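Raw contents of work.txt, compact mmCIF, C-alpha atoms:
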# COMPACT_ATOMS: atom_id res chain seq x y z
CA MET A 5 1.55 3.83 37.07
CA ILE A 6 2.34 5.06 33.57
CA LYS A 7 5.06 7.69 33.29
CA LYS A 8 3.43 10.72 31.70
CA GLU A 9 6.60 11.93 29.99
CA LEU A 10 7.24 8.58 28.27
CA PHE A 11 3.58 8.16 27.38
CA LEU A 12 3.46 11.57 25.70
CA ARG A 13 6.72 10.92 23.90
CA GLY A 14 5.21 7.75 22.46
CA TYR A 15 1.93 9.48 21.69
CA LYS A 16 3.69 12.27 19.81
CA SER A 17 5.59 9.78 17.63
CA ILE A 18 2.66 9.75 15.21
CA LEU A 19 3.10 13.47 14.64
CA LYS A 20 6.44 12.97 12.89
CA PRO A 21 6.47 13.80 9.15
CA ASP A 22 6.89 10.14 8.16
CA SER A 23 4.42 8.75 10.69
CA PRO A 24 1.88 6.08 9.69
CA ALA A 25 -1.03 8.23 10.90
CA ILE A 26 -2.07 9.24 7.36
CA ALA A 27 -1.99 5.70 5.98
CA LEU A 28 -3.63 4.25 9.05
CA GLY A 29 -6.28 6.97 9.06
CA CYS A 30 -7.14 6.48 5.39
CA CYS A 31 -7.56 2.74 5.90
CA PHE A 32 -9.93 3.17 8.77
CA ILE A 33 -11.86 5.80 6.78
CA ALA A 34 -12.38 3.04 4.22
CA ILE A 35 -13.39 0.62 7.01
CA GLY A 36 -15.86 3.17 8.45
CA ALA A 37 -17.44 3.55 5.00
CA LEU A 38 -17.52 -0.23 4.51
CA LEU A 39 -19.17 -0.86 7.88
CA LYS A 40 -21.88 1.70 7.15
CA ASN A 41 -22.53 0.10 3.77
CA ILE A 42 -23.08 -3.35 5.31
CA GLY A 43 -25.56 -2.00 7.85
CA PHE A 44 -23.58 -1.06 10.97
CA ASN A 45 -24.70 2.03 12.86
CA ILE A 46 -22.18 4.56 14.20
CA GLN A 47 -21.98 2.98 17.67
CA GLU A 48 -21.34 -0.48 16.22
CA SER A 49 -18.69 0.87 13.85
CA VAL A 50 -16.81 2.69 16.63
CA PHE A 51 -17.21 -0.24 19.00
CA SER A 52 -15.78 -2.67 16.41
CA THR A 53 -12.67 -0.57 15.74
CA MET A 54 -12.10 -0.02 19.48
CA LEU A 55 -12.35 -3.71 20.31
CA ILE A 56 -10.87 -5.36 17.22
CA TYR A 57 -8.28 -2.81 16.03
CA ALA A 58 -6.94 -5.04 13.27
CA LEU A 59 -7.83 -4.29 9.65
CA PRO A 60 -7.81 -7.80 8.15
CA GLY A 61 -9.92 -9.06 11.07
CA SER A 62 -12.48 -6.31 10.52
CA LEU A 63 -12.61 -7.09 6.80
CA VAL A 64 -13.16 -10.80 7.46
CA MET A 65 -15.89 -9.98 9.98
CA ALA A 66 -17.62 -7.67 7.47
CA GLU A 67 -17.48 -10.29 4.70
CA SER A 68 -18.70 -13.01 7.05
CA ILE A 69 -21.68 -10.93 8.17
CA LEU A 70 -22.53 -10.23 4.52
CA VAL A 71 -22.64 -13.94 3.63
CA GLY A 72 -24.38 -14.86 6.90
CA SER A 73 -21.60 -16.99 8.45
CA SER A 74 -22.01 -18.52 11.92
CA LEU A 75 -20.25 -17.04 14.96
CA LEU A 76 -17.98 -20.09 15.15
CA SER A 77 -16.83 -19.72 11.56
CA ILE A 78 -16.24 -15.99 12.12
CA PHE A 79 -14.12 -16.84 15.17
CA ILE A 80 -12.00 -19.41 13.31
CA ALA A 81 -11.57 -17.25 10.19
CA VAL A 82 -10.53 -14.18 12.21
CA TRP A 83 -8.22 -16.24 14.40
CA PHE A 84 -6.42 -17.56 11.29
CA VAL A 85 -6.20 -14.15 9.65
CA ASN A 86 -4.93 -12.46 12.82
CA ALA A 87 -2.59 -15.25 13.94
CA ARG A 88 0.24 -13.06 12.62
CA LEU A 89 -0.20 -11.01 15.80
CA TYR A 90 1.37 -13.86 17.79
CA PRO A 91 4.88 -13.69 16.24
CA MET A 92 4.57 -9.89 16.21
CA ALA A 93 3.98 -9.95 19.98
CA VAL A 94 6.78 -12.44 20.63
CA SER A 95 9.21 -10.38 18.59
CA LEU A 96 8.30 -7.15 20.41
CA PHE A 97 7.39 -7.77 24.05
CA PRO A 98 10.72 -9.32 25.16
CA LEU A 99 12.21 -5.92 24.29
CA MET A 100 9.87 -4.31 26.85
CA MET A 101 9.70 -6.89 29.64
CA ASP A 102 11.04 -5.50 32.90
CA GLU A 103 10.45 -6.83 36.42
CA SER A 104 9.86 -3.34 37.80
CA GLN A 105 6.74 -2.97 35.66
CA PRO A 106 3.35 -4.48 36.61
CA LYS A 107 2.07 -7.32 34.42
CA TRP A 108 -1.29 -5.62 33.71
CA LYS A 109 0.49 -3.07 31.52
CA TYR A 110 1.64 -5.85 29.20
CA TYR A 111 -1.67 -7.72 29.20
CA LEU A 112 -3.69 -4.60 28.37
CA SER A 113 -1.26 -2.92 26.00
CA CYS A 114 -0.93 -6.02 23.81
CA HIS A 115 -4.27 -4.88 22.35
CA PHE A 116 -2.29 -2.15 20.56
CA ILE A 117 -0.24 -4.65 18.54
CA ALA A 118 -0.83 -3.74 14.91
CA VAL A 119 1.50 -3.19 11.98
CA SER A 120 1.75 0.59 12.39
CA ALA A 121 2.46 0.69 16.14
CA TRP A 122 4.72 -2.37 15.88
CA LEU A 123 6.91 -0.79 13.19
CA ILE A 124 7.15 2.54 15.07
CA MET A 125 8.20 0.73 18.25
CA LYS A 126 10.69 -1.47 16.40
CA SER A 127 12.44 1.55 14.93
CA ASN A 128 12.50 3.57 18.19
CA TYR A 129 12.89 1.18 21.13
CA GLU A 130 16.67 1.51 21.31
CA THR A 131 16.35 5.18 22.23
CA ILE A 132 14.33 4.32 25.37
CA LYS A 133 15.55 2.66 28.60
CA LYS A 134 14.24 -0.88 28.87
CA LYS A 135 12.22 -0.26 32.03
CA ASP A 136 10.47 2.71 30.40
CA ARG A 137 9.71 1.08 27.06
CA VAL A 138 6.27 -0.24 27.98
CA ASP A 139 5.08 3.28 28.91
CA PHE A 140 6.44 4.56 25.58
CA TRP A 141 4.67 1.67 23.84
CA ILE A 142 1.36 2.49 25.54
CA GLY A 143 1.76 6.06 24.23
CA ILE A 144 2.35 4.85 20.65
CA GLY A 145 -0.52 2.37 20.86
CA SER A 146 -2.95 4.91 22.31
CA ALA A 147 -2.08 7.33 19.51
CA THR A 148 -2.53 4.85 16.64
CA TRP A 149 -5.69 3.48 18.29
CA SER A 150 -7.13 7.02 18.59
CA VAL A 151 -6.38 7.68 14.91
CA ALA A 152 -8.14 4.43 13.97
CA VAL A 153 -11.27 5.22 16.01
CA LEU A 154 -11.47 8.82 14.81
CA SER A 155 -10.98 7.78 11.18
CA THR A 156 -13.72 5.15 11.45
CA ILE A 157 -16.12 7.91 12.53
CA ILE A 158 -14.98 10.14 9.65
CA GLY A 159 -15.31 7.25 7.17
CA PHE A 160 -18.79 6.40 8.45
CA TYR A 161 -20.08 9.92 7.88
CA LEU A 162 -18.14 10.45 4.62
CA SER A 163 -19.30 7.19 3.05
CA ASP A 164 -22.11 8.85 1.09
CA TYR A 165 -19.61 11.20 -0.55
CA LEU A 166 -16.89 8.67 -1.41
CA ASN A 167 -17.14 7.10 -4.86
CA LYS A 168 -15.58 3.78 -5.85
CA ASP A 169 -12.39 5.33 -7.30
CA MET A 170 -11.79 7.28 -4.09
CA LEU A 171 -12.30 4.17 -1.97
CA MET A 172 -9.86 2.31 -4.23
CA GLY A 173 -7.29 5.06 -3.69
CA LEU A 174 -7.77 4.77 0.09
CA ALA A 175 -7.52 0.99 -0.06
CA ILE A 176 -4.15 0.90 -1.90
CA LEU A 177 -2.63 3.49 0.44
CA ASN A 178 -2.13 1.14 3.38
CA PRO A 179 -0.29 -1.70 1.58
CA ILE A 180 1.91 0.86 -0.19
CA TYR A 181 2.82 2.59 3.06
CA PHE A 182 3.68 -0.69 4.75
CA THR A 183 5.59 -1.93 1.69
CA CYS A 184 7.77 1.19 1.95
CA MET A 185 8.18 0.72 5.71
CA MET A 186 9.19 -2.92 5.28
CA VAL A 187 11.66 -2.07 2.51
CA GLY A 188 13.04 0.67 4.77
CA ALA A 189 13.49 -1.88 7.58
CA MET A 190 15.63 -4.19 5.41
CA LYS A 191 18.89 -3.38 7.20
CA THR A 192 20.09 -6.87 8.20
CA ILE A 193 20.38 -10.08 6.19
CA GLN A 194 17.69 -11.78 8.24
CA ILE A 195 15.12 -9.01 7.88
CA THR A 196 15.93 -8.49 4.20
CA PHE A 197 15.38 -12.18 3.39
CA SER A 198 12.34 -12.33 5.68
CA VAL A 199 10.63 -9.50 3.83
CA MET A 200 11.58 -10.79 0.37
CA LEU A 201 10.68 -14.43 0.99
CA GLY A 202 7.48 -13.58 2.86
CA GLY A 203 6.44 -11.24 0.04
CA ILE A 204 7.00 -13.96 -2.56
CA LEU A 205 5.71 -17.00 -0.67
CA GLY A 206 2.53 -15.37 0.69
CA PRO A 207 0.92 -14.99 -2.77
CA VAL A 208 2.44 -18.29 -4.00
CA PHE A 209 0.83 -20.30 -1.18
CA TYR A 210 -2.47 -18.58 -1.94
CA PHE A 211 -2.81 -20.91 -4.95
CA PHE A 212 -2.68 -23.95 -2.66
CA SER A 213 -4.53 -22.64 0.40
CA PRO A 214 -5.94 -19.09 0.63
CA GLU A 215 -6.67 -19.50 4.36
CA TRP A 216 -3.17 -20.63 5.30
CA SER A 217 -1.18 -18.63 2.75
CA ILE A 218 -0.12 -15.81 5.09
CA LEU A 219 0.85 -18.09 7.96
CA LEU A 220 2.67 -20.58 5.72
CA GLY A 221 4.43 -17.81 3.80
CA GLY A 222 5.52 -16.22 7.07
CA LEU A 223 6.56 -19.47 8.74
CA ILE A 224 8.53 -20.91 5.83
CA GLY A 225 9.92 -17.60 4.53
CA GLY A 226 10.86 -16.42 8.02
CA SER A 227 12.50 -19.73 8.95
CA ILE A 228 14.59 -19.81 5.77
CA ALA A 229 15.63 -16.19 6.37
CA TYR A 230 16.56 -17.01 9.96
CA LEU A 231 18.73 -19.95 8.88
CA ILE A 232 20.44 -17.89 6.15
CA GLY A 233 21.14 -15.12 8.65
CA GLU A 234 22.47 -17.44 11.36
CA LYS A 235 24.72 -19.26 8.89
CA ASN A 236 26.04 -15.96 7.58
CA VAL A 237 26.85 -14.70 11.09
CA ASN A 238 28.57 -17.96 12.04
CA MET B 23 -27.23 -2.32 18.56
CA SER B 24 -28.40 -5.41 16.71
CA ILE B 25 -27.57 -8.52 18.70
CA ASN B 26 -26.02 -10.34 15.71
CA ILE B 27 -23.64 -7.50 14.90
CA LEU B 28 -22.77 -7.05 18.57
CA LEU B 29 -21.99 -10.76 18.98
CA SER B 30 -19.94 -10.75 15.75
CA ILE B 31 -17.87 -7.83 17.05
CA ILE B 32 -17.27 -9.54 20.41
CA VAL B 33 -16.34 -12.87 18.76
CA THR B 34 -13.99 -11.09 16.31
CA SER B 35 -12.32 -9.11 19.09
CA LEU B 36 -11.81 -12.27 21.19
CA ALA B 37 -10.32 -14.14 18.22
CA THR B 38 -7.96 -11.19 17.67
CA TYR B 39 -6.99 -10.68 21.31
CA ILE B 40 -6.09 -14.36 21.82
CA SER B 41 -3.05 -14.16 19.51
CA ARG B 42 -1.89 -10.92 21.12
CA PHE B 43 -2.32 -12.26 24.66
CA LEU B 44 -0.63 -15.61 23.96
CA GLY B 45 2.24 -13.67 22.41
CA VAL B 46 2.73 -11.71 25.64
CA LEU B 47 2.56 -14.88 27.76
CA SER B 48 5.24 -16.49 25.59
CA SER B 49 7.39 -13.35 25.77
CA VAL B 50 7.87 -13.73 29.54
CA ARG B 51 10.32 -16.59 28.99
CA ILE B 52 12.06 -15.26 25.89
CA LYS B 53 15.10 -13.00 26.17
CA GLU B 54 15.88 -10.58 23.36
CA THR B 55 19.38 -11.99 22.86
CA THR B 56 18.26 -15.58 22.25
CA ARG B 57 17.99 -17.44 18.95
CA ILE B 58 14.29 -18.06 19.41
CA PHE B 59 13.73 -14.29 19.65
CA ARG B 60 15.63 -13.78 16.38
CA TRP B 61 13.58 -16.56 14.77
CA PHE B 62 10.30 -14.99 15.85
CA ASN B 63 11.55 -11.63 14.59
CA CYS B 64 12.06 -13.20 11.15
CA LEU B 65 8.63 -14.87 11.33
CA ALA B 66 6.98 -11.54 12.16
CA TYR B 67 8.61 -9.66 9.28
CA ALA B 68 7.96 -12.50 6.82
CA THR B 69 4.32 -12.84 7.92
CA LEU B 70 3.76 -9.10 7.52
CA ALA B 71 5.39 -9.15 4.08
CA ALA B 72 3.19 -12.12 3.12
CA LEU B 73 0.09 -10.26 4.32
CA ILE B 74 0.96 -7.07 2.43
CA ALA B 75 1.87 -8.95 -0.76
CA ARG B 76 -1.36 -10.92 -0.59
CA THR B 77 -3.35 -7.72 -0.05
CA ILE B 78 -1.89 -6.33 -3.28
CA VAL B 79 -1.92 -9.49 -5.43
CA PHE B 80 -5.15 -11.09 -4.15
CA PRO B 81 -7.08 -8.23 -2.53
CA VAL B 82 -10.49 -8.42 -0.91
CA GLY B 83 -13.03 -5.60 -0.89
CA VAL B 84 -12.99 -2.63 -3.22
CA LEU B 85 -9.39 -3.13 -4.36
CA SER B 86 -10.32 -6.40 -6.05
CA ASP B 87 -12.17 -4.37 -8.71
CA ALA B 88 -8.91 -2.74 -9.85
CA SER B 89 -7.01 -4.67 -12.51
CA TYR B 90 -3.97 -6.70 -11.54
CA SER B 91 -1.71 -4.68 -13.85
CA SER B 92 -2.89 -1.36 -12.41
CA ARG B 93 -2.13 -2.52 -8.85
CA ILE B 94 1.35 -3.74 -9.80
CA LEU B 95 2.02 -0.54 -11.76
CA VAL B 96 1.07 1.62 -8.74
CA VAL B 97 3.30 -0.46 -6.44
CA LEU B 98 6.31 -0.20 -8.76
CA LEU B 99 5.88 3.54 -9.33
CA SER B 100 5.41 4.17 -5.59
CA LEU B 101 8.55 2.19 -4.76
CA GLY B 102 10.40 4.23 -7.38
CA ILE B 103 9.25 7.45 -5.68
CA PHE B 104 10.21 5.99 -2.30
CA PHE B 105 13.82 5.57 -3.45
CA ILE B 106 13.97 8.84 -5.41
CA THR B 107 12.79 10.79 -2.33
CA LYS B 108 15.50 9.16 -0.18
CA LYS B 109 13.11 6.72 1.53
CA ASN B 110 10.43 9.19 2.48
CA PHE B 111 7.22 7.33 3.42
CA VAL B 112 4.70 10.09 2.83
CA TYR B 113 5.26 10.98 -0.87
CA PRO B 114 4.85 7.43 -2.28
CA THR B 115 1.84 6.83 -0.03
CA ILE B 116 -0.03 9.92 -1.20
CA PHE B 117 1.07 9.26 -4.80
CA SER B 118 -0.32 5.72 -4.65
CA ALA B 119 -3.80 6.88 -3.58
CA ILE B 120 -4.01 9.55 -6.28
CA SER B 121 -2.55 7.38 -9.05
CA MET B 122 -4.79 4.41 -8.19
CA SER B 123 -7.89 6.58 -8.38
CA LEU B 124 -6.78 8.15 -11.67
CA ILE B 125 -5.64 4.92 -13.33
CA ASN B 126 -8.86 3.19 -12.41
CA ASN B 127 -10.94 6.11 -13.61
CA TYR B 128 -9.26 6.66 -16.96
CA PHE B 129 -7.89 3.26 -18.06
Using structure tokens, write down the structure from this file.
Amino acid sequence: MIKKELFLRGYKSILKPDSPAIALGCCFIAIGALLKNIGFNIQESVFSTMLIYALPGSLVMAESILVGSSLLSIFIAVWFVNARLYPMAVSLFPLMMDESQPKWKYYLSCHFIAVSAWLIMKSNYETIKKKDRVDFWIGIGSATWSVAVLSTIIGFYLSDYLNKDMLMGLAILNPIYFTCMMVGAMKTIQITFSVMLGGILGPVFYFFSPEWSILLGGLIGGSIAYLIGEKNVN
Amino acid sequence: MSINILLSIIVTSLATYISRFLGVLSSVRIKETTRIFRWFNCLAYATLAALIARTIVFPVGVLSDASYSSRILVVLLSLGIFFITKKNFVYPTIFSAISMSLINNYF
């Protein structure tokens, strides 16, 4: 089963002064308000954050419902937008894989993969023994997931009191927080170039293909950064 | 719950979980010391940077009503505060929310 001590240590990581809880919470407050405005009730809003737990996916779903898209087109659009979760999983789970741990922990806890939990785990995993990392990860994921669900409820009920300028302030908060976190993570040549090239190529590819811009920017920018880093090491 | 909204939530959650689950399945065969792991690490950081940059430059939702120059100004000022405060994450984040609201309200 899950080691309580490691789980709590992970859970408490969002209580640190520089934790992403504030940024994450504000974003889901905005999502809660958005969902209410497009006609979701409180149960549907909470249910969507619990099951989806990915901001861009929720935004795409909300937009698609507004324009009356089919379920198939919602599925494809969300799959494209959230395909970034695949490289995020592949770059995180090998750090946690241990034969002493049951597989179900990995299959269930992958639901917690999101930018906030991913960045916390990436900056803390070295302090935890490999066999214990998945329990630590489940703690981090449960904490960020709880913040998201709670904030959706707050946003839903606050939506009548939030004006457009306030919502705009909440909306910019998340990209700014993650920009700072990414800049803070630029400690190796590969990560530095990955962040810089991804940040440039993502918007550039938007002019050619809005749907593919994030994936193409990540794939090409990340591959160039990888090659630069490998060449430099060699 | 309305059936359309419920189905949309289920379809969206399945489309999201697929990428996460496939990532875990692929991770079983990948060791953290291998080149392919380092490559995927670069892809993950670059994809996140692309997503964040796109959110700022070509936003959807309420942020799209703010002018391009105001968004860039808030990003630059927040990054300045990030470095001035010795890479503290909280100050620039709070600053960005307040400054975005004020800039949009008064300019």
*chain B contacts to chain A at 7 Å (all atoms listed in the file) as a ChimeraX atom specification*: /B:23,30-31,33-35,37-39,41-46,48-50,52-54,59,61-69,71-79,84-85,97,101,104,109-112,115,118-120,122-123,126-127
*Considering only C-alpha atoms, state which residue in the set A:Asp164, A:Met5, A:Leu154, A:Ile144 is at the smallest distance from Lys20 in chain A.*
A:Ile144
*Quick one, how far is CA of Phe32 in chain A from CA of Ser155 in chain A?*
5.3 Å
*In Å to one decimal, how far is CA of Glu130 in chain A from CA of Cys31 in chain A?*
28.7 Å
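Atom pair CA of Trp141 in chain A / CA of Lys126 in chain A has a distance of 10.1 Å (rounded to one decimal).
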Box along x, y and z, 4 Å on every side, all listed atoms of range 33-50 of chain B inside: centre and edge lengths in Å to one decimal, as JSON.
{"center_x": -4.2, "center_y": -12.8, "center_z": 22.9, "size_x": 32.2, "size_y": 15.4, "size_z": 21.2}
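Nearest to Phe117 in chain B of all the residues B:Ser100, B:Thr56, B:Phe105, B:Asn26 is B:Ser100, counting all atoms listed in the file.
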*Nearest to Gly159 in chain A: which of A:Asn41, A:Ser104, A:Thr192, A:Asn128 is it, counting only C-alpha atoms?*
A:Asn41
